$ cat coords.txt   # compact mmCIF, C-alpha atoms
# COMPACT_ATOMS: atom_id res chain seq x y z
CA MET A 1 120.91 99.10 118.28
CA GLU A 2 117.18 99.55 118.39
CA GLN A 3 115.68 100.90 115.17
CA VAL A 4 112.68 103.21 115.49
CA ASN A 5 110.48 104.18 112.54
CA ALA A 6 109.12 107.64 113.16
CA CYS A 7 108.86 110.30 110.46
CA LYS A 8 106.40 110.68 107.60
CA MET A 9 106.89 112.16 104.18
CA VAL A 10 104.44 114.09 102.03
CA ASP A 11 105.74 113.85 98.48
CA SER A 12 104.78 115.04 95.01
CA LYS A 13 105.89 114.35 91.45
CA ASP A 14 109.65 114.54 91.89
CA THR A 15 110.88 113.48 95.31
CA SER A 16 114.27 111.99 94.53
CA THR A 17 116.06 114.43 96.85
CA ILE A 18 115.24 117.09 99.39
CA SER A 19 117.57 120.05 99.76
CA GLY A 20 117.17 122.84 102.27
CA LEU A 21 117.94 124.34 105.64
CA LEU A 22 116.73 122.77 108.88
CA LEU A 23 115.98 125.66 111.23
CA GLN A 24 115.66 125.09 114.99
CA ASP A 25 114.48 127.35 117.78
CA ARG A 26 113.29 126.97 121.37
CA LYS A 27 109.76 128.01 122.27
CA SER A 28 107.92 127.41 125.55
CA CYS A 29 110.66 125.11 126.87
CA LYS A 30 110.50 122.91 123.76
CA TYR A 31 112.48 122.85 120.55
CA VAL A 32 110.73 123.41 117.23
CA GLN A 33 112.11 122.70 113.78
CA GLU A 34 111.24 123.84 110.29
CA LEU A 35 112.69 122.67 106.99
CA VAL A 36 113.08 125.48 104.43
CA SER A 37 113.46 124.17 100.89
CA LEU A 38 116.30 125.38 98.68
CA ASP A 39 114.73 123.85 95.58
CA LYS A 40 111.26 124.29 94.16
CA LYS A 41 109.95 120.82 94.87
CA ASN A 42 106.64 120.58 96.66
CA VAL A 43 108.01 118.30 99.36
CA LYS A 44 107.46 118.67 103.08
CA LEU A 45 109.14 116.71 105.83
CA ASP A 46 107.15 116.04 108.98
CA MET A 47 109.50 117.49 111.59
CA ASN A 48 107.46 116.22 114.55
CA PHE A 49 109.79 113.21 114.67
CA GLY A 50 106.96 110.76 115.19
CA LYS A 51 106.59 109.53 118.77
CA PHE A 52 109.71 111.30 120.06
CA ASP A 53 109.16 113.98 122.71
CA ASN A 54 110.91 117.36 122.84
CA VAL A 55 113.44 116.65 120.12
CA LYS A 56 116.60 118.72 119.86
CA VAL A 57 118.70 118.33 116.73
CA GLU A 58 122.29 118.22 117.96
CA ALA A 59 124.07 117.79 114.62
CA SER A 60 123.44 117.06 110.96
CA SER A 61 125.41 115.81 107.99
CA LYS A 62 125.15 116.74 104.32
CA GLU A 63 124.17 113.11 103.68
CA GLY A 64 120.83 113.72 105.43
CA ILE A 65 121.74 112.00 108.71
CA LEU A 66 120.74 113.64 112.02
CA PHE A 67 121.93 113.17 115.60
CA ILE A 68 119.08 114.06 117.97
CA ARG A 69 118.39 114.23 121.69
CA THR A 70 114.94 113.48 123.07
CA GLU A 71 113.63 114.23 126.54
CA LYS A 72 110.80 112.50 128.35
CA PHE A 73 111.14 113.09 132.08
CA PRO A 74 113.15 111.68 133.72
CA LEU A 75 114.93 110.14 130.72
CA THR A 76 117.16 111.67 128.06
CA THR A 77 117.87 109.51 125.02
CA TYR A 78 119.93 109.91 121.86
CA HIS A 79 119.26 108.68 118.33
CA VAL A 80 120.94 108.79 114.95
CA GLY A 81 118.84 108.42 111.86
CA LYS A 82 117.59 109.44 108.47
CA PRO A 83 114.30 111.37 108.80
CA THR A 84 113.40 111.12 105.11
CA SER A 85 113.24 107.32 105.35
CA GLY A 86 111.90 107.27 108.93
CA GLN A 87 114.82 105.24 110.28
CA TRP A 88 116.24 105.90 113.76
CA TRP A 89 118.72 104.00 115.89
CA SER A 90 119.07 104.61 119.62
CA ILE A 91 122.63 105.00 120.90
CA PRO A 92 124.08 105.18 124.42
CA ASN A 93 124.15 108.52 126.21
CA PRO A 94 127.44 110.36 125.62
CA ASP A 95 128.09 112.21 128.88
CA PRO A 96 126.98 112.13 132.49
CA ILE A 97 124.55 114.88 133.44
CA LEU A 98 127.39 116.67 135.25
CA PHE A 99 128.98 117.40 131.88
CA PRO A 100 126.30 118.84 129.56
CA THR A 101 127.14 118.78 125.87
CA GLU A 102 127.98 122.17 124.34
CA GLN A 103 129.29 121.22 120.89
CA VAL A 104 128.52 118.24 118.66
CA GLY A 105 129.98 117.14 115.35
CA LEU A 106 128.61 114.34 113.15
CA VAL A 107 130.95 112.78 110.59
CA VAL A 108 129.51 110.24 108.14
CA LEU A 109 132.25 107.83 107.09
CA ASN A 110 130.04 105.91 104.66
CA SER A 111 126.41 106.54 103.76
CA ASP A 112 125.26 103.02 102.78
CA PRO A 113 125.96 100.94 104.73
CA LEU A 114 125.94 103.75 107.28
CA THR A 115 129.04 104.24 109.39
CA PHE A 116 129.59 107.41 111.38
CA LYS A 117 131.26 109.12 114.31
CA VAL A 118 129.77 111.60 116.78
CA VAL A 119 132.12 113.98 118.58
CA THR A 120 130.88 115.86 121.66
CA LEU A 121 132.54 118.61 123.70
CA SER A 122 131.38 119.18 127.28
CA PRO A 123 132.74 122.05 129.41
CA LEU A 124 134.60 121.13 132.55
CA CYS A 125 133.90 123.07 135.72
CA GLY A 126 135.22 123.66 139.23
CA ASP A 127 138.50 121.94 139.96
CA TYR A 128 138.69 120.65 136.38
CA ARG A 129 139.36 124.15 135.01
CA ALA A 130 142.96 125.23 134.72
CA ALA A 131 144.04 128.69 135.85
CA ASN A 132 144.72 130.05 132.37
CA CYS A 133 142.43 128.05 130.09
CA TYR A 134 139.02 126.42 129.69
CA GLY A 135 138.85 122.67 129.19
CA TYR A 136 136.29 120.59 127.31
CA ARG A 137 135.82 116.87 127.77
CA CYS A 138 135.87 115.22 124.34
CA ASN A 139 133.93 112.00 123.77
CA ILE A 140 133.72 110.12 120.46
CA PHE A 141 131.05 107.60 119.46
CA ASP A 142 132.03 105.17 116.69
CA SER A 143 129.20 103.24 115.02
CA ARG A 144 131.62 100.43 114.15
CA THR A 145 132.11 99.63 117.84
CA TRP A 146 128.78 101.11 119.01
CA ALA A 147 130.50 102.65 122.00
CA TRP A 148 131.85 105.96 123.29
CA GLU A 149 135.49 106.55 124.06
CA ARG A 150 137.16 109.51 125.72
CA ALA A 151 139.70 111.57 123.80
CA SER A 152 142.10 114.23 125.06
CA TYR A 153 140.67 117.49 126.39
CA VAL A 154 140.14 120.38 124.00
CA MET A 155 141.57 123.52 125.61
CA LEU A 156 140.68 127.16 124.93
CA PRO A 157 142.36 130.25 126.46
CA LYS A 158 140.72 131.62 129.60
CA GLY A 159 137.77 133.84 128.72
CA VAL A 160 137.43 132.38 125.21
CA LEU A 161 134.21 130.58 124.31
CA PHE A 162 132.65 129.04 121.25
CA VAL A 163 130.74 131.70 119.32
CA ARG A 164 127.53 129.65 119.23
CA PRO A 165 126.56 126.41 120.95
CA ASN A 166 125.89 123.42 118.72
CA GLU A 167 127.24 125.02 115.58
CA SER A 168 129.78 122.77 113.92
CA LEU A 169 130.81 122.43 110.29
CA VAL A 170 132.23 119.26 108.75
CA VAL A 171 134.37 119.76 105.65
CA ASN A 172 136.48 116.95 104.19
CA GLY A 173 135.92 114.86 107.31
CA LEU A 174 137.22 117.55 109.67
CA ILE A 175 135.01 119.24 112.29
CA HIS A 176 135.26 123.03 112.58
CA TRP A 177 134.13 125.39 115.37
CA LEU A 178 134.41 129.18 115.63
CA THR A 179 135.64 130.79 118.87
CA THR A 180 135.26 134.29 120.31
CA ASP A 181 138.96 135.10 119.91
CA GLY A 182 138.63 134.85 116.13
CA GLN A 183 140.02 131.34 115.76
CA VAL A 184 138.78 128.25 113.94
CA VAL A 185 139.17 125.04 115.95
CA VAL A 186 139.71 122.06 113.62
CA PHE A 187 139.17 118.57 115.08
CA ASP A 188 140.46 115.46 113.31
CA HIS A 189 138.45 112.43 114.43
CA GLU A 190 140.97 109.98 112.97
CA ASP A 191 143.94 110.85 115.16
CA GLU A 192 141.77 112.62 117.79
CA THR A 193 143.79 115.84 117.67
CA TYR A 194 142.88 119.46 117.11
CA ARG A 195 144.55 122.63 115.87
CA LYS A 196 143.59 126.29 115.53
CA PHE A 197 144.08 129.04 112.97
CA PRO A 198 142.73 132.62 112.70
CA ILE A 199 139.82 133.91 110.62
CA PRO A 200 140.55 136.74 108.12
CA GLU A 201 142.13 139.83 109.64
CA GLY A 202 139.61 142.51 110.57
CA VAL A 203 136.62 140.12 110.51
CA ASN A 204 134.26 140.17 113.50
CA CYS A 205 133.75 136.57 114.62
CA LEU A 206 130.44 137.44 116.29
CA LYS A 207 129.05 138.47 112.90
CA SER A 208 130.42 135.45 111.06
CA SER A 209 129.37 131.88 110.26
CA LEU A 210 131.42 128.99 108.94
CA ILE A 211 130.11 127.40 105.74
CA GLU A 212 131.14 124.91 103.08
CA PHE A 213 132.09 126.53 99.77
CA GLU A 214 132.82 124.27 96.79
CA GLY A 215 133.96 121.52 99.12
CA LYS A 216 136.24 123.84 101.08
CA LEU A 217 136.01 125.76 104.34
CA GLY A 218 134.26 129.10 103.91
CA LEU A 219 133.08 131.98 106.06
CA VAL A 220 130.20 134.42 105.62
CA THR A 221 130.51 137.71 107.51
CA ILE A 222 129.35 141.31 107.58
CA SER A 223 132.16 143.77 106.99
CA GLU A 224 132.12 146.53 109.61
CA LYS A 225 134.02 148.90 107.29
CA GLU A 226 132.08 148.51 104.05
CA GLY A 227 128.84 147.33 105.65
CA LYS A 228 128.64 144.52 103.09
CA LYS A 229 128.26 140.76 103.22
CA GLN A 230 131.50 138.97 102.44
CA LEU A 231 132.21 135.38 101.45
CA TRP A 232 135.69 134.09 102.29
CA ALA A 233 137.20 130.66 101.61
CA VAL A 234 140.32 128.67 102.42
CA LEU A 235 141.31 127.36 99.00
CA ASP A 236 144.17 125.26 100.37
CA ASN A 237 142.93 122.79 102.99
CA SER A 238 146.39 121.51 103.93
CA ARG A 239 147.50 121.56 107.55
CA GLN A 240 150.28 124.03 106.81
CA ASN A 241 148.36 126.67 104.85
CA HIS A 242 145.16 128.37 105.93
CA ASN A 243 145.16 131.41 103.69
CA TRP A 244 141.76 133.06 103.36
CA ARG A 245 140.67 134.54 100.04
CA LEU A 246 137.80 136.99 99.58
CA ILE A 247 135.49 135.36 97.03
CA LYS A 248 132.73 137.94 96.76
CA GLN A 249 130.96 140.72 98.61
CA GLN A 250 127.53 142.26 98.20
CA ASN A 251 125.15 144.68 99.87
CA GLN A 252 123.55 143.20 102.96
CA ASP A 253 119.84 142.67 103.53
CA CYS A 254 118.19 143.08 106.90
CA THR A 255 117.62 140.07 109.16
CA SER A 256 118.98 137.46 106.77
CA ILE A 257 120.87 134.24 107.27
CA GLY A 258 123.76 133.55 104.89
CA ILE A 259 124.39 129.94 103.84
CA ALA A 260 126.38 128.68 100.83
CA ASP A 261 124.81 125.68 99.08
CA GLU A 262 126.49 123.06 96.95
CA GLU A 263 126.27 125.33 93.92
CA SER A 264 128.26 127.91 95.91
CA LYS A 265 125.45 130.45 96.03
CA VAL A 266 124.85 132.53 99.13
CA MET A 267 121.23 131.87 100.16
CA LYS A 268 119.25 134.27 102.36
CA PHE A 269 116.24 133.42 104.52
CA SER A 270 114.23 135.41 107.04
CA GLY A 271 111.00 135.08 109.00
CA PHE A 272 112.12 132.25 111.32
CA CYS A 273 114.20 133.30 114.31
CA ALA A 274 116.55 130.32 114.28
CA GLN A 275 118.80 129.36 117.16
CA ASN A 276 120.47 126.74 114.96
CA VAL A 277 120.70 126.36 111.18
CA PHE A 278 121.59 122.95 109.72
CA PRO A 279 122.18 122.41 105.97
CA PHE A 280 120.07 119.43 104.88
CA ARG A 281 120.12 117.30 101.75
CA SER A 282 118.73 113.79 101.50
CA ASN A 283 117.03 111.26 99.25
CA LEU A 284 114.14 109.05 100.33
CA GLU A 285 115.88 105.69 100.09
CA PRO A 286 116.20 103.51 103.22
CA ILE A 287 119.70 102.83 104.49
CA ARG A 288 121.30 100.12 106.59
CA LEU A 289 123.96 100.10 109.24
CA GLU A 290 127.30 98.50 108.50
CA ASP A 291 126.39 95.42 110.55
CA GLY A 292 123.19 94.94 108.53
CA ALA A 293 120.80 96.28 111.18
$ encode --input "coords.txt" --output "structure tokens"
Amino acid sequence: MEQVNACKMVDSKDTSTISGLLLQDRKSCKYVQELVSLDKKNVKLDMNFGKFDNVKVEASSKEGILFIRTEKFPLTTYHVGKPTSGQWWSIPNPDPILFPTEQVGLVVLNSDPLTFKVVTLSPLCGDYRAANCYGYRCNIFDSRTWAWERASYVMLPKGVLFVRPNESLVVNGLIHWLTTDGQVVVFDHEDETYRKFPIPEGVNCLKSSLIEFEGKLGLVTISEKEGKKQLWAVLDNSRQNHNWRLIKQQNQDCTSIGIADEESKVMKFSGFCAQNVFPFRSNLEPIRLEDGA
């Protein structure tokens, strides 16, 4: 559990918290990140990640914890940490190179002392694929044991894919992914099971993003009929009921990204062609792992 101090902070008068969107794109074979503030504080986070090379953010949590992958030929390493306090812990690699990671979910069980789980999905290939479905190897890292364990495969119908790689949403401790057949895959890390339910009828999954809305699962989409942005939410998070309700709709702006913040406002940003968008909120206080590291 090696701890690495890496990031730097440029602060101003009020730096108790940083709230924004962490945007990530790939340029010239390297990943670049930019933090866009949602508040008006003059705070900038150095996203160069210190001495790490070619950092890719794999997952984030609303507690300000990141799971990152770094590459320095011929090695690939993984770290979990809090960039605002410059704390990073190296963890074992999740999957062999034969099974590249396609989806990652980070669930923070407790923020201080820090305990967390990382869930990865890696597509199976060749003889591992069934005739009528696609299988994904599921591995789970638990910080309390500091080890990976293998869970049951996650299966999707043949021809169905995840809408976007590395785009997960954690709401109430459950990990959510959107698939191209208009379904939401919900993974429960406690009992290591998953279930699926449909998005609102008539909604185009390729023009939709899952969000958190007032602590519940939400979805931002562009209506093909009205040509407007729509915000939907599942107001009942029980396993039995997944009824979507239309919360609001408004005229759409060109080239915008829709994200709902903790105050349930739909935020729009443009000017950075982002491959991944991670909600980010963090204070500057150092944290410790559960074992006191």
$ closest_residue --input "coords.txt" --among "A:Val163, A:Val170, A:Asn283, A:Ser28" --to "Gln183 of chain A" --atoms "only C-alpha atoms"
A:Val163
$ closest_residue --input "coords.txt" --among "A:Glu71, A:Glu149, A:Asp181, A:Glu167" --to "Phe278 of chain A" --atoms "all atoms listed in the file"
A:Glu167
$ closest_residue --input "coords.txt" --among "A:Ser282, A:Thr115, A:Asn132, A:Ser209" --to "Glu63 of chain A" --atoms "all atoms listed in the file"
A:Ser282
$ atom_distance --input "coords.txt" --atom1 "atom CA of Phe116 of chain A" --atom2 "atom CA of Ser90 of chain A"
13.7 Å
$ atom_distance --input "coords.txt" --atom1 "atom CA of Val119 of chain A" --atom2 "atom CA of Arg150 of chain A"
9.8 Å
$ closest_residue --input "coords.txt" --among "A:Leu106, A:Leu210, A:Leu38, A:Val185" --to "Leu66 of chain A" --atoms "all atoms listed in the file"
A:Leu106
$ closest_residue --input "coords.txt" --among "A:Cys29, A:Val36, A:Leu161, A:Leu174" --to "Asp53 of chain A" --atoms "all atoms listed in the file"
A:Cys29
$ residues_near_point --input "coords.txt" --point "(129.6, 135.2, 112.6)" --cutoff "10 Å" --atoms "only C-alpha atoms" --output "list in words"
Val163, Arg164, Leu178, Thr179, Thr180, Gly182, Val203, Asn204, Cys205, Leu206, Lys207, Ser208, Ser209, Leu210, Leu219, Val220, Thr221, Ile222 and Gly258 of chain A
$ write_last_selection --input "coords.txt" --atoms "C-alpha atoms" --output "short mmCIF file (atom, residue, chain, number, x, y, z; two decimals), in the coordinates of the input"
data_model
loop_
_atom_site.label_atom_id
_atom_site.label_comp_id
_atom_site.auth_asym_id
_atom_site.auth_seq_id
_atom_site.Cartn_x
_atom_site.Cartn_y
_atom_site.Cartn_z
CA VAL A 163 130.74 131.70 119.32
CA ARG A 164 127.53 129.65 119.23
CA LEU A 178 134.41 129.18 115.63
CA THR A 179 135.64 130.79 118.87
CA THR A 180 135.26 134.29 120.31
CA GLY A 182 138.63 134.85 116.13
CA VAL A 203 136.62 140.12 110.51
CA ASN A 204 134.26 140.17 113.50
CA CYS A 205 133.75 136.57 114.62
CA LEU A 206 130.44 137.44 116.29
CA LYS A 207 129.05 138.47 112.90
CA SER A 208 130.42 135.45 111.06
CA SER A 209 129.37 131.88 110.26
CA LEU A 210 131.42 128.99 108.94
CA LEU A 219 133.08 131.98 106.06
CA VAL A 220 130.20 134.42 105.62
CA THR A 221 130.51 137.71 107.51
CA ILE A 222 129.35 141.31 107.58
CA GLY A 258 123.76 133.55 104.89
#
$ closest_residue --input "coords.txt" --among "A:Lys225, A:His242, A:Arg288, A:Arg26" --to "Ser85 of chain A" --atoms "all atoms listed in the file"
A:Arg288
$ atom_distance --input "coords.txt" --atom1 "atom CA of Trp177 of chain A" --atom2 "atom CA of Gly202 of chain A"
18.6 Å
$ residues_around --input "coords.txt" --residues "Gln250 of chain A" --least-positions-apart "4" --cutoff "8 Å" --atoms "only C-alpha atoms" --output "ChimeraX atom specification"
/A:228-230
$ residues_around --input "coords.txt" --residues "Arg69 of chain A" --least-positions-apart "2" --cutoff "9 Å" --atoms "only C-alpha atoms" --output "PyMOL selection string"
chain A and resi 54-58+67+71+76-79
$ residues_around --input "coords.txt" --residues "Pro279 of chain A" --least-positions-apart "5" --cutoff "9 Å" --atoms "all atoms listed in the file" --output "PyMOL selection string"
chain A and resi 19-23+60-62+64+259+261
$ write_last_selection --input "coords.txt" --atoms "C-alpha atoms" --output "short mmCIF file (atom, residue, chain, number, x, y, z; two decimals), in the frame of the given file"
data_model
loop_
_atom_site.label_atom_id
_atom_site.label_comp_id
_atom_site.auth_asym_id
_atom_site.auth_seq_id
_atom_site.Cartn_x
_atom_site.Cartn_y
_atom_site.Cartn_z
CA SER A 19 117.57 120.05 99.76
CA GLY A 20 117.17 122.84 102.27
CA LEU A 21 117.94 124.34 105.64
CA LEU A 22 116.73 122.77 108.88
CA LEU A 23 115.98 125.66 111.23
CA SER A 60 123.44 117.06 110.96
CA SER A 61 125.41 115.81 107.99
CA LYS A 62 125.15 116.74 104.32
CA GLY A 64 120.83 113.72 105.43
CA ILE A 259 124.39 129.94 103.84
CA ASP A 261 124.81 125.68 99.08
#
$ residues_around --input "coords.txt" --residues "Gly105 of chain A" --least-positions-apart "6" --cutoff "7 Å" --atoms "only C-alpha atoms" --output "NGL selection string"
:A and (59 or 118-120 or 168 or 175)
$ write_last_selection --input "coords.txt" --atoms "C-alpha atoms" --output "short mmCIF file (atom, residue, chain, number, x, y, z; two decimals), keeping the file's coordinate frame"
data_model
loop_
_atom_site.label_atom_id
_atom_site.label_comp_id
_atom_site.auth_asym_id
_atom_site.auth_seq_id
_atom_site.Cartn_x
_atom_site.Cartn_y
_atom_site.Cartn_z
CA ALA A 59 124.07 117.79 114.62
CA VAL A 118 129.77 111.60 116.78
CA VAL A 119 132.12 113.98 118.58
CA THR A 120 130.88 115.86 121.66
CA SER A 168 129.78 122.77 113.92
CA ILE A 175 135.01 119.24 112.29
#
$ decode --input "coords.txt" --residues "segment 135-185 of chain A" --atoms "C-alpha atoms" --output "PDB file, in the first residue's frame"
ATOM      1  CA  GLY A 135     -19.852 -11.891 -21.483  1.00  0.00           C
ATOM      2  CA  TYR A 136     -17.818  -9.573 -19.265  1.00  0.00           C
ATOM      3  CA  ARG A 137     -15.386 -10.740 -16.628  1.00  0.00           C
ATOM      4  CA  CYS A 138     -16.189  -8.940 -13.366  1.00  0.00           C
ATOM      5  CA  ASN A 139     -13.415  -8.284 -10.840  1.00  0.00           C
ATOM      6  CA  ILE A 140     -13.859  -6.471  -7.522  1.00  0.00           C
ATOM      7  CA  PHE A 141     -11.111  -4.814  -5.472  1.00  0.00           C
ATOM      8  CA  ASP A 142     -11.880  -4.326  -1.768  1.00  0.00           C
ATOM      9  CA  SER A 143      -9.636  -1.929   0.152  1.00  0.00           C
ATOM     10  CA  ARG A 144     -10.378  -3.802   3.382  1.00  0.00           C
ATOM     11  CA  THR A 145      -8.612  -6.906   2.060  1.00  0.00           C
ATOM     12  CA  TRP A 146      -6.389  -5.050  -0.456  1.00  0.00           C
ATOM     13  CA  ALA A 147      -7.031  -7.745  -3.023  1.00  0.00           C
ATOM     14  CA  TRP A 148      -9.074  -8.477  -6.136  1.00  0.00           C
ATOM     15  CA  GLU A 149     -11.663 -11.215  -6.316  1.00  0.00           C
ATOM     16  CA  ARG A 150     -13.589 -12.527  -9.291  1.00  0.00           C
ATOM     17  CA  ALA A 151     -17.377 -12.234  -9.369  1.00  0.00           C
ATOM     18  CA  SER A 152     -19.872 -13.842 -11.734  1.00  0.00           C
ATOM     19  CA  TYR A 153     -19.862 -12.791 -15.379  1.00  0.00           C
ATOM     20  CA  VAL A 154     -22.053  -9.894 -16.474  1.00  0.00           C
ATOM     21  CA  MET A 155     -23.924 -10.962 -19.612  1.00  0.00           C
ATOM     22  CA  LEU A 156     -25.432  -8.764 -22.341  1.00  0.00           C
ATOM     23  CA  PRO A 157     -27.496  -9.949 -25.344  1.00  0.00           C
ATOM     24  CA  LYS A 158     -25.543 -10.590 -28.530  1.00  0.00           C
ATOM     25  CA  GLY A 159     -24.927  -7.353 -30.415  1.00  0.00           C
ATOM     26  CA  VAL A 160     -25.579  -5.184 -27.343  1.00  0.00           C
ATOM     27  CA  LEU A 161     -22.751  -3.014 -26.028  1.00  0.00           C
ATOM     28  CA  PHE A 162     -22.264  -0.372 -23.394  1.00  0.00           C
ATOM     29  CA  VAL A 163     -23.126   3.036 -24.837  1.00  0.00           C
ATOM     30  CA  ARG A 164     -19.802   4.567 -23.775  1.00  0.00           C
ATOM     31  CA  PRO A 165     -16.654   3.015 -22.332  1.00  0.00           C
ATOM     32  CA  ASN A 166     -15.697   4.037 -18.806  1.00  0.00           C
ATOM     33  CA  GLU A 167     -18.953   5.806 -18.066  1.00  0.00           C
ATOM     34  CA  SER A 168     -20.438   4.572 -14.820  1.00  0.00           C
ATOM     35  CA  LEU A 169     -22.697   6.265 -12.307  1.00  0.00           C
ATOM     36  CA  VAL A 170     -22.846   5.400  -8.617  1.00  0.00           C
ATOM     37  CA  VAL A 171     -26.102   6.266  -6.853  1.00  0.00           C
ATOM     38  CA  ASN A 172     -26.892   5.004  -3.351  1.00  0.00           C
ATOM     39  CA  GLY A 173     -23.977   2.578  -3.529  1.00  0.00           C
ATOM     40  CA  LEU A 174     -25.178   0.947  -6.759  1.00  0.00           C
ATOM     41  CA  ILE A 175     -23.210   1.141 -10.027  1.00  0.00           C
ATOM     42  CA  HIS A 176     -25.170   1.959 -13.187  1.00  0.00           C
ATOM     43  CA  TRP A 177     -24.244   1.535 -16.864  1.00  0.00           C
ATOM     44  CA  LEU A 178     -26.236   2.364 -20.001  1.00  0.00           C
ATOM     45  CA  THR A 179     -26.433  -0.158 -22.871  1.00  0.00           C
ATOM     46  CA  THR A 180     -27.252   0.204 -26.569  1.00  0.00           C
ATOM     47  CA  ASP A 181     -30.535  -1.703 -26.253  1.00  0.00           C
ATOM     48  CA  GLY A 182     -31.932   1.027 -24.003  1.00  0.00           C
ATOM     49  CA  GLN A 183     -31.342  -0.737 -20.700  1.00  0.00           C
ATOM     50  CA  VAL A 184     -29.724   0.354 -17.446  1.00  0.00           C
ATOM     51  CA  VAL A 185     -27.454  -2.287 -15.901  1.00  0.00           C
TER      52      VAL A 185
END
